[in-house]
file entry-v9.cif (mmCIF, C-alpha atoms)
data_start
loop_
_atom_site.label_atom_id
_atom_site.label_comp_id
_atom_site.auth_asym_id
_atom_site.auth_seq_id
_atom_site.Cartn_x
_atom_site.Cartn_y
_atom_site.Cartn_z
CA MET L 27 -17.46 -20.77 69.63
CA ARG L 28 -18.22 -17.94 67.24
CA VAL L 29 -20.52 -18.92 64.41
CA PRO L 30 -19.90 -16.95 61.23
CA THR L 31 -22.87 -15.05 59.96
CA LEU L 32 -24.04 -15.22 56.37
CA GLU L 33 -22.44 -11.83 55.69
CA ALA L 34 -19.07 -13.15 56.84
CA VAL L 35 -19.13 -16.18 54.60
CA HIS L 36 -17.83 -15.63 51.04
CA VAL L 37 -18.46 -18.54 48.70
CA GLU L 38 -17.10 -18.07 45.15
CA PRO L 39 -19.10 -19.61 42.33
CA GLU L 40 -17.50 -22.75 41.00
CA ASP L 41 -16.93 -21.19 37.58
CA ALA L 42 -15.75 -17.78 38.83
CA PRO L 43 -12.23 -16.91 37.68
CA SER L 44 -9.70 -16.68 40.48
CA ALA L 45 -7.31 -13.81 40.93
CA ARG L 46 -4.54 -16.10 39.77
CA ASP L 47 -6.27 -16.52 36.39
CA ARG L 48 -6.45 -12.79 35.66
CA PRO L 49 -2.86 -12.35 34.45
CA ALA L 50 -3.36 -15.23 32.03
CA ARG L 51 -6.58 -13.72 30.71
CA VAL L 52 -4.95 -10.30 30.33
CA SER L 53 -2.02 -11.93 28.54
CA ARG L 54 -4.33 -13.76 26.13
CA HIS L 55 -6.22 -10.53 25.48
CA ARG L 56 -3.01 -8.70 24.69
CA VAL L 57 -1.88 -11.46 22.35
CA PHE L 58 -5.23 -11.33 20.59
CA LEU L 59 -4.96 -7.56 20.13
CA ALA L 60 -1.36 -7.90 18.95
CA ILE L 61 -2.16 -10.35 16.15
CA THR L 62 -5.48 -8.83 15.03
CA PRO L 63 -4.06 -6.41 12.39
CA ALA L 64 -2.10 -9.24 10.76
CA VAL L 65 -5.04 -11.66 10.91
CA LEU L 66 -7.47 -9.16 9.38
CA TYR L 67 -5.04 -8.20 6.62
CA LEU L 68 -4.20 -11.80 5.73
CA ALA L 69 -7.87 -12.85 5.88
CA VAL L 70 -8.91 -10.17 3.37
CA ARG L 71 -6.00 -11.00 1.08
CA GLU L 72 -6.77 -14.72 1.34
CA LEU L 73 -10.33 -13.99 0.23
CA GLY L 74 -8.90 -12.17 -2.77
CA LEU L 75 -6.67 -15.11 -3.65
CA PHE L 76 -9.58 -17.55 -3.26
CA VAL L 77 -11.72 -15.58 -5.70
CA LEU L 78 -8.71 -15.26 -8.00
CA ALA L 79 -8.36 -19.04 -8.07
CA LEU L 80 -12.01 -19.34 -9.11
CA MET L 81 -11.65 -16.69 -11.82
CA ALA L 82 -8.37 -18.15 -13.07
CA ASP L 83 -10.03 -21.54 -13.45
CA ARG L 84 -12.92 -19.92 -15.33
CA TRP L 85 -10.50 -18.26 -17.78
CA ASP L 86 -8.14 -21.24 -17.90
CA LYS L 87 -5.17 -19.30 -16.49
CA ASP L 88 -2.45 -20.32 -14.06
CA VAL L 89 -2.66 -18.47 -10.72
CA THR L 90 1.10 -18.15 -10.28
CA ARG L 91 1.48 -16.85 -13.81
CA VAL L 92 -1.09 -14.09 -13.38
CA LEU L 93 0.35 -13.12 -9.99
CA THR L 94 3.76 -12.64 -11.62
CA SER L 95 2.55 -10.95 -14.80
CA TRP L 96 3.38 -7.56 -16.34
CA ASP L 97 5.69 -5.50 -14.08
CA GLY L 98 6.04 -8.53 -11.83
CA GLN L 99 8.17 -10.22 -14.49
CA TRP L 100 10.48 -7.22 -14.60
CA PHE L 101 10.96 -7.25 -10.82
CA LEU L 102 11.66 -10.98 -10.88
CA GLY L 103 14.12 -10.52 -13.74
CA ILE L 104 16.00 -7.76 -11.91
CA ALA L 105 16.02 -9.85 -8.72
CA GLU L 106 17.52 -12.76 -10.65
CA GLY L 107 20.36 -11.08 -12.49
CA GLY L 108 20.47 -7.41 -11.57
CA TYR L 109 19.99 -4.61 -14.08
CA ALA L 110 22.74 -5.91 -16.35
CA HIS L 111 21.36 -9.43 -16.78
CA VAL L 112 17.60 -9.10 -17.09
CA PRO L 113 16.16 -11.81 -19.39
CA PRO L 114 16.24 -10.53 -23.00
CA TRP L 115 12.60 -11.35 -23.69
CA LEU L 116 11.46 -8.59 -21.30
CA VAL L 117 10.69 -5.49 -23.38
CA ASP L 118 9.04 -2.08 -22.97
CA ALA L 119 5.57 -1.00 -24.11
CA PHE L 120 6.80 -0.69 -27.68
CA SER L 121 8.39 -4.16 -27.72
CA ARG L 122 11.86 -2.61 -27.60
CA ARG L 123 14.75 -3.20 -25.29
CA THR L 124 17.97 -1.31 -24.59
CA ALA L 125 20.52 -1.53 -21.80
CA GLU L 126 18.69 1.35 -20.10
CA THR L 127 15.17 -0.09 -20.20
CA PRO L 128 15.37 -2.02 -16.87
CA LEU L 129 16.32 1.20 -15.08
CA ALA L 130 12.67 2.25 -15.20
CA PHE L 131 12.09 -0.12 -12.26
CA PHE L 132 13.30 0.91 -8.81
CA PRO L 133 15.70 -1.46 -6.99
CA GLY L 134 14.27 -1.72 -3.47
CA TYR L 135 11.78 -4.54 -3.93
CA PRO L 136 13.90 -6.76 -6.23
CA ALA L 137 16.86 -6.30 -3.86
CA LEU L 138 14.81 -7.70 -0.97
CA VAL L 139 13.68 -10.59 -3.18
CA ARG L 140 17.26 -11.34 -4.20
CA TRP L 141 18.47 -11.36 -0.60
CA LEU L 142 15.71 -13.75 0.45
CA ASP L 143 16.26 -15.87 -2.65
CA GLY L 144 19.84 -16.39 -1.50
CA LEU L 145 18.68 -18.41 1.51
CA PRO L 146 18.86 -22.23 1.27
CA GLY L 147 15.72 -23.84 -0.09
CA VAL L 148 14.07 -20.59 -1.19
CA ASP L 149 13.26 -20.11 -4.87
CA ARG L 150 12.78 -16.77 -6.57
CA HIS L 151 8.98 -16.87 -6.82
CA SER L 152 8.57 -17.91 -3.18
CA ALA L 153 10.95 -15.14 -2.14
CA ALA L 154 9.00 -12.53 -4.09
CA PHE L 155 5.63 -13.62 -2.69
CA THR L 156 7.08 -13.75 0.83
CA VAL L 157 8.46 -10.21 0.58
CA SER L 158 5.06 -8.95 -0.60
CA MET L 159 3.19 -10.79 2.16
CA VAL L 160 5.53 -9.74 4.98
CA SER L 161 5.53 -6.17 3.68
CA GLY L 162 1.73 -6.18 3.69
CA VAL L 163 1.61 -7.37 7.30
CA PHE L 164 4.21 -4.76 8.27
CA CYS L 165 2.02 -2.15 6.56
CA ALA L 166 -1.07 -3.40 8.42
CA TYR L 167 0.57 -2.67 11.77
CA GLY L 168 1.62 0.77 10.55
CA LEU L 169 -1.93 1.56 9.46
CA HIS L 170 -3.34 0.30 12.74
CA ARG L 171 -0.95 2.58 14.62
CA LEU L 172 -1.86 5.48 12.30
CA GLY L 173 -5.58 4.92 12.90
CA GLN L 174 -4.95 5.13 16.64
CA ARG L 175 -2.76 8.24 16.55
CA VAL L 176 -4.79 10.57 14.34
CA PHE L 177 -7.19 13.04 15.92
CA GLY L 178 -10.31 11.14 16.99
CA GLY L 179 -8.61 7.82 16.29
CA SER L 180 -8.93 4.54 18.15
CA SER L 181 -7.80 0.95 17.97
CA ARG L 182 -11.06 0.06 16.24
CA ALA L 183 -10.54 2.79 13.62
CA GLY L 184 -7.04 1.44 13.04
CA LEU L 185 -8.35 -2.08 12.45
CA TYR L 186 -11.01 -0.80 10.06
CA LEU L 187 -8.31 1.12 8.20
CA VAL L 188 -6.34 -2.12 7.79
CA VAL L 189 -9.38 -3.83 6.26
CA LEU L 190 -10.16 -0.91 3.97
CA PHE L 191 -6.58 -0.90 2.71
CA ALA L 192 -6.44 -4.66 2.21
CA ALA L 193 -9.78 -4.43 0.37
CA SER L 194 -8.86 -1.49 -1.87
CA PRO L 195 -10.10 -1.98 -5.46
CA MET L 196 -6.68 -3.05 -6.78
CA ALA L 197 -5.34 -4.59 -3.58
CA ILE L 198 -4.67 -7.76 -5.57
CA VAL L 199 -1.24 -6.27 -6.36
CA LEU L 200 -0.39 -6.60 -2.66
CA SER L 201 -0.32 -10.34 -3.31
CA MET L 202 1.61 -10.08 -6.58
CA THR L 203 5.32 -9.75 -7.33
CA TYR L 204 4.87 -5.97 -7.41
CA SER L 205 6.51 -3.32 -5.21
CA GLU L 206 3.33 -1.68 -3.86
CA ALA L 207 3.19 -3.66 -0.60
CA THR L 208 6.79 -2.83 0.28
CA PHE L 209 6.37 0.84 -0.55
CA CYS L 210 3.11 1.16 1.39
CA ALA L 211 4.68 -0.47 4.46
CA LEU L 212 7.55 2.02 4.49
CA ALA L 213 5.23 4.96 3.76
CA ALA L 214 2.85 3.98 6.56
CA TRP L 215 5.57 3.82 9.17
CA SER L 216 7.15 7.03 7.90
CA LEU L 217 3.83 8.81 8.40
CA VAL L 218 3.46 7.25 11.84
CA GLY L 219 6.80 8.86 12.64
CA VAL L 220 5.51 12.22 11.41
CA VAL L 221 2.30 12.05 13.45
CA GLU L 222 4.21 10.97 16.56
CA ARG L 223 7.01 13.50 15.87
CA ARG L 224 9.62 10.78 15.68
CA TRP L 225 11.55 12.50 12.94
CA VAL L 226 14.55 10.24 12.47
CA PRO L 227 12.52 7.01 11.94
CA ALA L 228 10.19 8.99 9.66
CA GLY L 229 13.14 10.13 7.56
CA VAL L 230 14.75 6.69 7.42
CA CYS L 231 11.52 4.98 6.28
CA CYS L 232 10.95 7.75 3.74
CA ALA L 233 14.46 7.34 2.35
CA ALA L 234 13.95 3.58 2.05
CA ALA L 235 10.61 4.14 0.28
CA GLY L 236 12.45 6.32 -2.23
CA LEU L 237 14.35 3.22 -3.36
CA VAL L 238 11.11 1.33 -3.99
CA ARG L 239 8.78 3.56 -6.01
CA PRO L 240 8.78 7.08 -7.52
CA THR L 241 5.59 7.72 -5.53
CA ALA L 242 8.01 8.50 -2.72
CA ALA L 243 8.03 12.07 -4.06
CA ALA L 244 4.65 12.62 -2.37
CA LEU L 245 5.95 11.10 0.86
CA ILE L 246 9.07 13.27 0.79
CA LEU L 247 6.90 16.35 0.36
CA ALA L 248 4.80 15.44 3.39
CA VAL L 249 7.72 14.49 5.64
CA CYS L 250 9.93 17.45 4.72
CA ALA L 251 7.07 19.95 4.99
CA ALA L 252 6.16 18.65 8.44
CA ALA L 253 9.81 18.74 9.50
CA LEU L 254 10.12 22.31 8.22
CA VAL L 255 7.13 23.41 10.28
CA ALA L 256 8.67 21.79 13.36
CA ILE L 257 11.95 23.62 12.68
CA VAL L 258 10.26 27.00 12.17
CA THR L 259 8.21 26.59 15.35
CA ARG L 260 11.33 25.48 17.26
CA ARG L 261 9.98 22.09 18.27
CA ASP L 262 11.84 18.81 18.90
CA GLY L 263 15.33 20.25 18.70
CA VAL L 264 17.66 18.91 16.03
CA ARG L 265 15.58 15.84 15.17
CA PRO L 266 13.41 17.49 12.46
CA TRP L 267 16.60 18.68 10.77
CA ILE L 268 17.98 15.15 10.69
CA GLY L 269 14.71 13.51 9.56
CA GLY L 270 14.11 16.11 6.87
CA ALA L 271 17.67 15.74 5.57
CA ILE L 272 17.47 11.94 5.41
CA ALA L 273 14.00 11.70 3.81
CA PRO L 274 14.88 12.47 0.14
CA LEU L 275 18.15 10.53 0.00
CA GLY L 276 16.72 7.28 -1.39
CA LEU L 277 14.81 8.81 -4.28
CA LEU L 278 17.51 11.33 -5.14
CA GLY L 279 20.14 8.64 -4.90
CA TYR L 280 18.46 6.35 -7.42
CA LEU L 281 17.57 9.18 -9.80
CA GLY L 282 21.21 10.26 -9.62
CA TYR L 283 22.37 6.72 -10.35
CA VAL L 284 20.17 6.53 -13.46
CA ALA L 285 21.39 9.97 -14.54
CA VAL L 286 24.98 8.72 -14.43
CA ARG L 287 24.09 5.50 -16.26
CA THR L 288 22.22 7.30 -19.05
CA GLY L 289 24.35 10.41 -19.24
CA GLN L 290 21.24 12.59 -18.79
CA TRP L 291 20.32 14.58 -15.70
CA ASP L 292 16.69 13.49 -16.19
CA GLY L 293 17.66 9.97 -17.19
CA TRP L 294 14.91 8.09 -15.34
CA PHE L 295 12.19 10.32 -16.79
CA ALA L 296 13.70 9.90 -20.25
CA VAL L 297 13.70 6.10 -19.88
CA GLN L 298 10.05 6.22 -18.84
CA GLN L 299 9.09 8.39 -21.77
CA ARG L 300 11.03 6.40 -24.37
CA GLY L 301 9.89 3.02 -23.10
CA TRP L 302 6.35 3.65 -21.91
CA ASP L 303 5.49 7.13 -23.22
CA SER L 304 4.97 8.12 -19.59
CA ARG L 305 5.35 11.76 -18.58
CA PHE L 306 3.62 14.40 -16.48
CA ASP L 307 1.14 16.36 -18.60
CA GLY L 308 -0.87 18.02 -15.85
CA GLY L 309 -3.81 15.65 -16.22
CA ALA L 310 -4.72 16.35 -19.86
CA ALA L 311 -4.55 12.66 -20.87
CA THR L 312 -6.52 11.56 -17.81
CA TRP L 313 -9.23 14.13 -18.55
CA ARG L 314 -9.56 12.95 -22.16
CA PHE L 315 -9.66 9.34 -21.01
CA ALA L 316 -12.41 10.07 -18.49
CA LEU L 317 -14.57 11.90 -21.04
CA VAL L 318 -14.24 9.09 -23.57
CA VAL L 319 -15.00 6.34 -21.06
CA LEU L 320 -17.95 8.12 -19.45
CA GLY L 321 -19.40 8.94 -22.87
CA ASP L 322 -18.92 5.45 -24.26
CA PRO L 323 -17.96 2.84 -21.64
CA ARG L 324 -15.77 0.19 -23.23
CA SER L 325 -15.04 -2.07 -20.27
CA VAL L 326 -15.77 -2.59 -16.59
CA LEU L 327 -12.17 -1.86 -15.62
CA GLU L 328 -11.96 1.45 -17.49
CA LEU L 329 -15.33 2.71 -16.24
CA ALA L 330 -14.52 1.66 -12.66
CA THR L 331 -11.12 3.36 -12.92
CA VAL L 332 -12.73 6.71 -13.72
CA TRP L 333 -15.10 6.43 -10.78
CA PHE L 334 -12.28 5.40 -8.44
CA LEU L 335 -10.49 8.61 -9.40
CA VAL L 336 -13.64 10.64 -8.72
CA VAL L 337 -14.05 8.98 -5.31
CA ALA L 338 -10.37 9.67 -4.50
CA ILE L 339 -10.87 13.37 -5.23
CA ALA L 340 -13.94 13.37 -2.98
CA LEU L 341 -11.92 11.68 -0.23
CA VAL L 342 -9.34 14.48 -0.36
CA VAL L 343 -12.11 17.02 0.22
CA LEU L 344 -13.58 14.86 3.00
CA SER L 345 -10.17 14.57 4.66
CA MET L 346 -9.84 18.34 4.69
CA ARG L 347 -13.34 18.85 6.09
CA ARG L 348 -12.75 16.16 8.69
CA GLY L 349 -9.62 17.95 9.90
CA LEU L 350 -7.23 15.09 9.21
CA GLU L 351 -3.63 15.93 10.07
CA TRP L 352 -2.33 18.04 7.20
CA PRO L 353 0.82 15.96 6.43
CA LEU L 354 -1.45 12.97 5.82
CA ILE L 355 -3.60 15.04 3.46
CA VAL L 356 -0.50 16.34 1.67
CA TYR L 357 0.72 12.78 1.15
CA GLY L 358 -2.61 11.39 -0.06
CA ALA L 359 -3.29 14.36 -2.32
CA GLY L 360 0.27 14.13 -3.64
CA VAL L 361 -0.16 10.49 -4.62
CA LEU L 362 -3.46 11.34 -6.31
CA ALA L 363 -1.93 14.32 -8.14
CA MET L 364 0.89 12.14 -9.49
CA ASP L 365 -1.66 9.60 -10.68
CA LEU L 366 -3.99 12.14 -12.28
CA GLY L 367 -1.18 14.20 -13.79
CA SER L 368 0.55 11.36 -15.61
CA ASN L 369 -0.30 10.45 -19.19
CA GLY L 370 0.88 6.87 -18.59
CA LEU L 371 -1.16 3.72 -19.02
CA MET L 372 -4.73 4.61 -18.06
CA ASN L 373 -5.45 1.02 -17.01
CA SER L 374 -2.85 1.40 -14.23
CA LYS L 375 -4.46 4.39 -12.55
CA ALA L 376 -6.58 2.34 -10.14
CA ARG L 377 -3.45 0.43 -9.06
CA LEU L 378 -1.44 3.62 -8.63
CA LEU L 379 -4.06 4.91 -6.18
CA LEU L 380 -3.28 2.12 -3.72
CA PRO L 381 -0.51 4.04 -1.85
CA ALA L 382 -2.96 6.90 -1.15
CA PHE L 383 -4.17 4.97 1.91
CA THR L 384 -4.37 8.08 4.10
CA LEU L 385 -7.48 9.09 2.17
CA LEU L 386 -9.22 6.06 3.70
CA ILE L 387 -8.76 7.33 7.27
CA PRO L 388 -11.98 9.42 7.39
CA ALA L 389 -13.97 6.37 6.26
CA ALA L 390 -12.32 4.24 8.98
CA LEU L 391 -13.12 6.87 11.62
CA ALA L 392 -16.72 7.07 10.45
CA LEU L 393 -17.13 3.29 10.58
CA ALA L 394 -15.63 3.20 14.07
CA ARG L 395 -18.56 5.36 15.25
CA ARG L 396 -21.14 2.97 13.85
CA ARG L 397 -22.48 -0.20 15.39
CA THR L 398 -20.12 -3.13 15.01
CA THR L 399 -22.63 -5.13 12.96
CA THR L 400 -23.06 -2.24 10.54
CA ALA L 401 -19.32 -1.72 10.16
CA VAL L 402 -18.67 -5.42 9.64
CA ALA L 403 -21.39 -5.68 6.99
CA VAL L 404 -19.93 -2.71 5.09
CA LEU L 405 -16.38 -4.04 5.29
CA VAL L 406 -17.39 -7.53 4.18
CA GLY L 407 -19.19 -6.07 1.18
CA ILE L 408 -16.15 -3.98 0.24
CA ALA L 409 -13.83 -6.97 0.66
CA VAL L 410 -15.99 -9.16 -1.59
CA PHE L 411 -16.11 -6.47 -4.29
CA SER L 412 -12.34 -5.97 -4.08
CA ALA L 413 -11.75 -9.71 -4.38
CA TRP L 414 -13.86 -9.91 -7.52
CA PHE L 415 -12.51 -6.73 -9.11
CA GLY L 416 -8.87 -7.66 -8.50
CA ALA L 417 -9.40 -11.14 -9.88
CA TYR L 418 -11.17 -9.70 -12.92
CA ALA L 419 -8.34 -7.22 -13.53
CA ILE L 420 -5.66 -9.91 -13.89
CA THR L 421 -7.68 -12.72 -15.48
CA ALA L 422 -10.62 -11.52 -17.59
CA TRP L 423 -8.96 -8.18 -18.45
CA GLN L 424 -6.33 -8.93 -21.06
CA TYR L 425 -4.19 -5.78 -20.87
CA ALA L 426 -1.61 -4.53 -18.38
CA ILE L 427 -2.78 -3.17 -15.05
#

call {"tool": "encode", "arguments": {"input": "entry-v9.cif", "output": "structure tokens"}}
result
Amino acid sequence: MRVPTLEAVHVEPEDAPSARDRPARVSRHRVFLAITPAVLYLAVRELGLFVLALMADRWDKDVTRVLTSWDGQWFLGIAEGGYAHVPPWLVDAFSRRTAETPLAFFPGYPALVRWLDGLPGVDRHSAAFTVSMVSGVFCAYGLHRLGQRVFGGSSRAGLYLVVLFAASPMAIVLSMTYSEATFCALAAWSLVGVVERRWVPAGVCCAAAGLVRPTAAALILAVCAAALVAIVTRRDGVRPWIGGAIAPLGLLGYLGYVAVRTGQWDGWFAVQQRGWDSRFDGGAATWRFALVVLGDPRSVLELATVWFLVVAIALVVLSMRRGLEWPLIVYGAGVLAMDLGSNGLMNSKARLLLPAFTLLIPAALALARRRTTTAVAVLVGIAVFSAWFGAYAITAWQYAI
């Protein structure tokens, strides 16, 4: 009888995984990777809400009330009764109200809230918070995809980009009854379409974003410019033509609707100017504001706002030096230009920077090249600061944001 030698005998360790276990482990790994963007986004936002609860208690304010304050009340009012039946106590910056005043607010976000509110057992506030939360998660996956697809990108860079976005200085509005989360979600996926040369989805998302916020003008510029380059260079057939044609329809459609309602071709801009004294002045008002605040700081929020604008300008330069895809730079710089060039409420400028998330990509790529412990420490510090600053902005700060 042949006696097996030691080399012929294969004894597996008792705790060694069998071949049959490998598919299960791979499946669990894939599930973990699939949920990570959502988990990271929600964890950062939950930290912000936790700090907000502490600050609200310190200032004796109701959390739900501050999360639905200012523009949030307008969106809830439009979601409840449409433009024709907004509660009469809602007024503009000059405590006035006309039939045209509600038209200053775009319909996309309140429409989603109204549709969800129509479901059994769902109240208006819950619907609004749900739309914001789901939009934020949808945006997180778009940003993760964007961080993977850019030159030099990776899954890790995409995850860091999600955290940086969720921990932006005024990211608290992503948890409020505001339209920023919905707009950013649509903008992120539109830009993913541009980077991946999927022109029709890019155009559709861009058109939808145009029904949510006027910031879509910067997105339209980026999408249409990229589509035009593809057309001129004879790439991707007819798809750039279709995507580029679809992209501006949402914004132009709503501006046209307001023009008909007001009887003015520039009706929306007129409503903004009459109700909030908001117009494009090329940055003159922002420059004066910055000089006054830097010369004589009056509050934490105002001083921080000026420095956020300075950092945003530096990030545009960094994005160009880093060689970030030019449509992403065009979009981020466009958002910043709209923010800097408006003479609107200066206290809102930090919030209006939130959609310029493409400017965070170089920082995410840089962190992805660092040791994990270093990157985590930096991101935790940023998240803690964002949680405090956002809570301060809607509790201790007594003016509109």

call {"tool": "closest_residue", "arguments": {"input": "entry-v9.cif", "among": "L:Gly282, L:Arg182, L:Tyr67, L:Val336", "to": "Arg397 (chain L)", "atoms": "only C-alpha atoms"}}
result
L:Arg182

call {"tool": "closest_residue", "arguments": {"input": "entry-v9.cif", "among": "L:Phe415, L:Tyr204, L:Trp294, L:Phe191", "to": "Leu277 (chain L)", "atoms": "only C-alpha atoms"}}
result
L:Trp294

call {"tool": "residues_around", "arguments": {"input": "entry-v9.cif", "residues": "region 174-179 of chain L", "least_positions_apart": "6", "cutoff": "10 Å", "atoms": "only C-alpha atoms", "output": "VMD selection string"}}
result
chain L and resid 168 185 187 218 221 to 222 348 to 351 354 387 to 388 390 to 391 394

call {"tool": "closest_residue", "arguments": {"input": "entry-v9.cif", "among": "L:Gly407, L:Pro63, L:Gly309, L:Gly276", "to": "Ser181 (chain L)", "atoms": "all atoms listed in the file"}}
result
L:Pro63

call {"tool": "atom_distance", "arguments": {"input": "entry-v9.cif", "atom1": "CA of Val286 (chain L)", "atom2": "CA of Pro136 (chain L)"}}
result
20.7 Å

call {"tool": "closest_residue", "arguments": {"input": "entry-v9.cif", "among": "L:Val112, L:Cys231, L:Ala256, L:Ile61", "to": "Ala166 (chain L)", "atoms": "all atoms listed in the file"}}
result
L:Ile61

call {"tool": "atom_distance", "arguments": {"input": "entry-v9.cif", "atom1": "CA of Asp365 (chain L)", "atom2": "CA of Leu190 (chain L)"}}
result
19.9 Å

call {"tool": "closest_residue", "arguments": {"input": "entry-v9.cif", "among": "L:Val337, L:Leu138, L:Val199, L:Leu217", "to": "Val238 (chain L)", "atoms": "only C-alpha atoms"}}
result
L:Leu138

call {"tool": "residues_around", "arguments": {"input": "entry-v9.cif", "residues": "Ala273 (chain L)", "least_positions_apart": "3", "cutoff": "8 Å", "atoms": "all atoms listed in the file", "output": "PyMOL selection string"}}
result
chain L and resi 228-233+246+249-250+269-270+276

call {"tool": "resolve_selection", "arguments": {"input": "entry-v9.cif", "expression": "the PyMOL selection byres ((chain L and resi 72) around 12)", "output": "PDB file with C-alpha atoms, keeping the file's coordinate frame"}}
result
ATOM      1  CA  ALA L  64      -2.100  -9.240  10.760  1.00  0.00           C
ATOM      2  CA  VAL L  65      -5.040 -11.660  10.910  1.00  0.00           C
ATOM      3  CA  LEU L  66      -7.470  -9.160   9.380  1.00  0.00           C
ATOM      4  CA  TYR L  67      -5.040  -8.200   6.620  1.00  0.00           C
ATOM      5  CA  LEU L  68      -4.200 -11.800   5.730  1.00  0.00           C
ATOM      6  CA  ALA L  69      -7.870 -12.850   5.880  1.00  0.00           C
ATOM      7  CA  VAL L  70      -8.910 -10.170   3.370  1.00  0.00           C
ATOM      8  CA  ARG L  71      -6.000 -11.000   1.080  1.00  0.00           C
ATOM      9  CA  LEU L  73     -10.330 -13.990   0.230  1.00  0.00           C
ATOM     10  CA  GLY L  74      -8.900 -12.170  -2.770  1.00  0.00           C
ATOM     11  CA  LEU L  75      -6.670 -15.110  -3.650  1.00  0.00           C
ATOM     12  CA  PHE L  76      -9.580 -17.550  -3.260  1.00  0.00           C
ATOM     13  CA  VAL L  77     -11.720 -15.580  -5.700  1.00  0.00           C
ATOM     14  CA  LEU L  78      -8.710 -15.260  -8.000  1.00  0.00           C
ATOM     15  CA  ALA L  79      -8.360 -19.040  -8.070  1.00  0.00           C
ATOM     16  CA  MET L 159       3.190 -10.790   2.160  1.00  0.00           C
ATOM     17  CA  ALA L 192      -6.440  -4.660   2.210  1.00  0.00           C
ATOM     18  CA  ALA L 193      -9.780  -4.430   0.370  1.00  0.00           C
ATOM     19  CA  ALA L 197      -5.340  -4.590  -3.580  1.00  0.00           C
ATOM     20  CA  ILE L 198      -4.670  -7.760  -5.570  1.00  0.00           C
ATOM     21  CA  LEU L 200      -0.390  -6.600  -2.660  1.00  0.00           C
ATOM     22  CA  SER L 201      -0.320 -10.340  -3.310  1.00  0.00           C
ATOM     23  CA  ALA L 409     -13.830  -6.970   0.660  1.00  0.00           C
ATOM     24  CA  VAL L 410     -15.990  -9.160  -1.590  1.00  0.00           C
ATOM     25  CA  SER L 412     -12.340  -5.970  -4.080  1.00  0.00           C
ATOM     26  CA  ALA L 413     -11.750  -9.710  -4.380  1.00  0.00           C
TER      27      ALA L 413
END

call {"tool": "closest_residue", "arguments": {"input": "entry-v9.cif", "among": "L:Ile408, L:Val163, L:Ser205, L:Leu371", "to": "Gln299 (chain L)", "atoms": "all atoms listed in the file"}}
result
L:Leu371

call {"tool": "atom_distance", "arguments": {"input": "entry-v9.cif", "atom1": "CA of Ala211 (chain L)", "atom2": "CA of Leu169 (chain L)"}}
result
8.5 Å

call {"tool": "build_atoms", "arguments": {"input": "entry-v9.cif", "residues": "region 211-219 of chain L", "atoms": "N, CA, C and O atoms", "output": "PDB file, in the frame of the given file"}}
result
ATOM      1  N   ALA L 211       4.222  -0.188   3.105  1.00  0.00           N
ATOM      2  CA  ALA L 211       4.680  -0.470   4.460  1.00  0.00           C
ATOM      3  C   ALA L 211       5.626   0.627   4.946  1.00  0.00           C
ATOM      4  O   ALA L 211       5.485   1.157   6.057  1.00  0.00           O
ATOM      5  N   LEU L 212       6.592   0.988   4.119  1.00  0.00           N
ATOM      6  CA  LEU L 212       7.550   2.020   4.490  1.00  0.00           C
ATOM      7  C   LEU L 212       6.875   3.386   4.607  1.00  0.00           C
ATOM      8  O   LEU L 212       7.174   4.165   5.525  1.00  0.00           O
ATOM      9  N   ALA L 213       5.945   3.678   3.707  1.00  0.00           N
ATOM     10  CA  ALA L 213       5.230   4.960   3.760  1.00  0.00           C
ATOM     11  C   ALA L 213       4.377   5.053   5.021  1.00  0.00           C
ATOM     12  O   ALA L 213       4.321   6.106   5.675  1.00  0.00           O
ATOM     13  N   ALA L 214       3.704   3.964   5.376  1.00  0.00           N
ATOM     14  CA  ALA L 214       2.850   3.980   6.560  1.00  0.00           C
ATOM     15  C   ALA L 214       3.654   4.272   7.815  1.00  0.00           C
ATOM     16  O   ALA L 214       3.270   5.111   8.641  1.00  0.00           O
ATOM     17  N   TRP L 215       4.776   3.610   7.965  1.00  0.00           N
ATOM     18  CA  TRP L 215       5.570   3.820   9.170  1.00  0.00           C
ATOM     19  C   TRP L 215       6.270   5.177   9.161  1.00  0.00           C
ATOM     20  O   TRP L 215       6.515   5.770  10.214  1.00  0.00           O
ATOM     21  N   SER L 216       6.601   5.679   7.979  1.00  0.00           N
ATOM     22  CA  SER L 216       7.150   7.030   7.900  1.00  0.00           C
ATOM     23  C   SER L 216       6.130   8.048   8.388  1.00  0.00           C
ATOM     24  O   SER L 216       6.463   8.968   9.148  1.00  0.00           O
ATOM     25  N   LEU L 217       4.886   7.878   7.981  1.00  0.00           N
ATOM     26  CA  LEU L 217       3.830   8.810   8.400  1.00  0.00           C
ATOM     27  C   LEU L 217       3.490   8.644   9.881  1.00  0.00           C
ATOM     28  O   LEU L 217       3.119   9.617  10.545  1.00  0.00           O
ATOM     29  N   VAL L 218       3.608   7.432  10.398  1.00  0.00           N
ATOM     30  CA  VAL L 218       3.460   7.250  11.840  1.00  0.00           C
ATOM     31  C   VAL L 218       4.510   8.079  12.570  1.00  0.00           C
ATOM     32  O   VAL L 218       4.228   8.756  13.568  1.00  0.00           O
ATOM     33  N   GLY L 219       5.744   8.050  12.046  1.00  0.00           N
ATOM     34  CA  GLY L 219       6.800   8.860  12.640  1.00  0.00           C
ATOM     35  C   GLY L 219       6.486  10.343  12.602  1.00  0.00           C
ATOM     36  O   GLY L 219       6.758  11.078  13.567  1.00  0.00           O
TER      37      GLY L 219
END
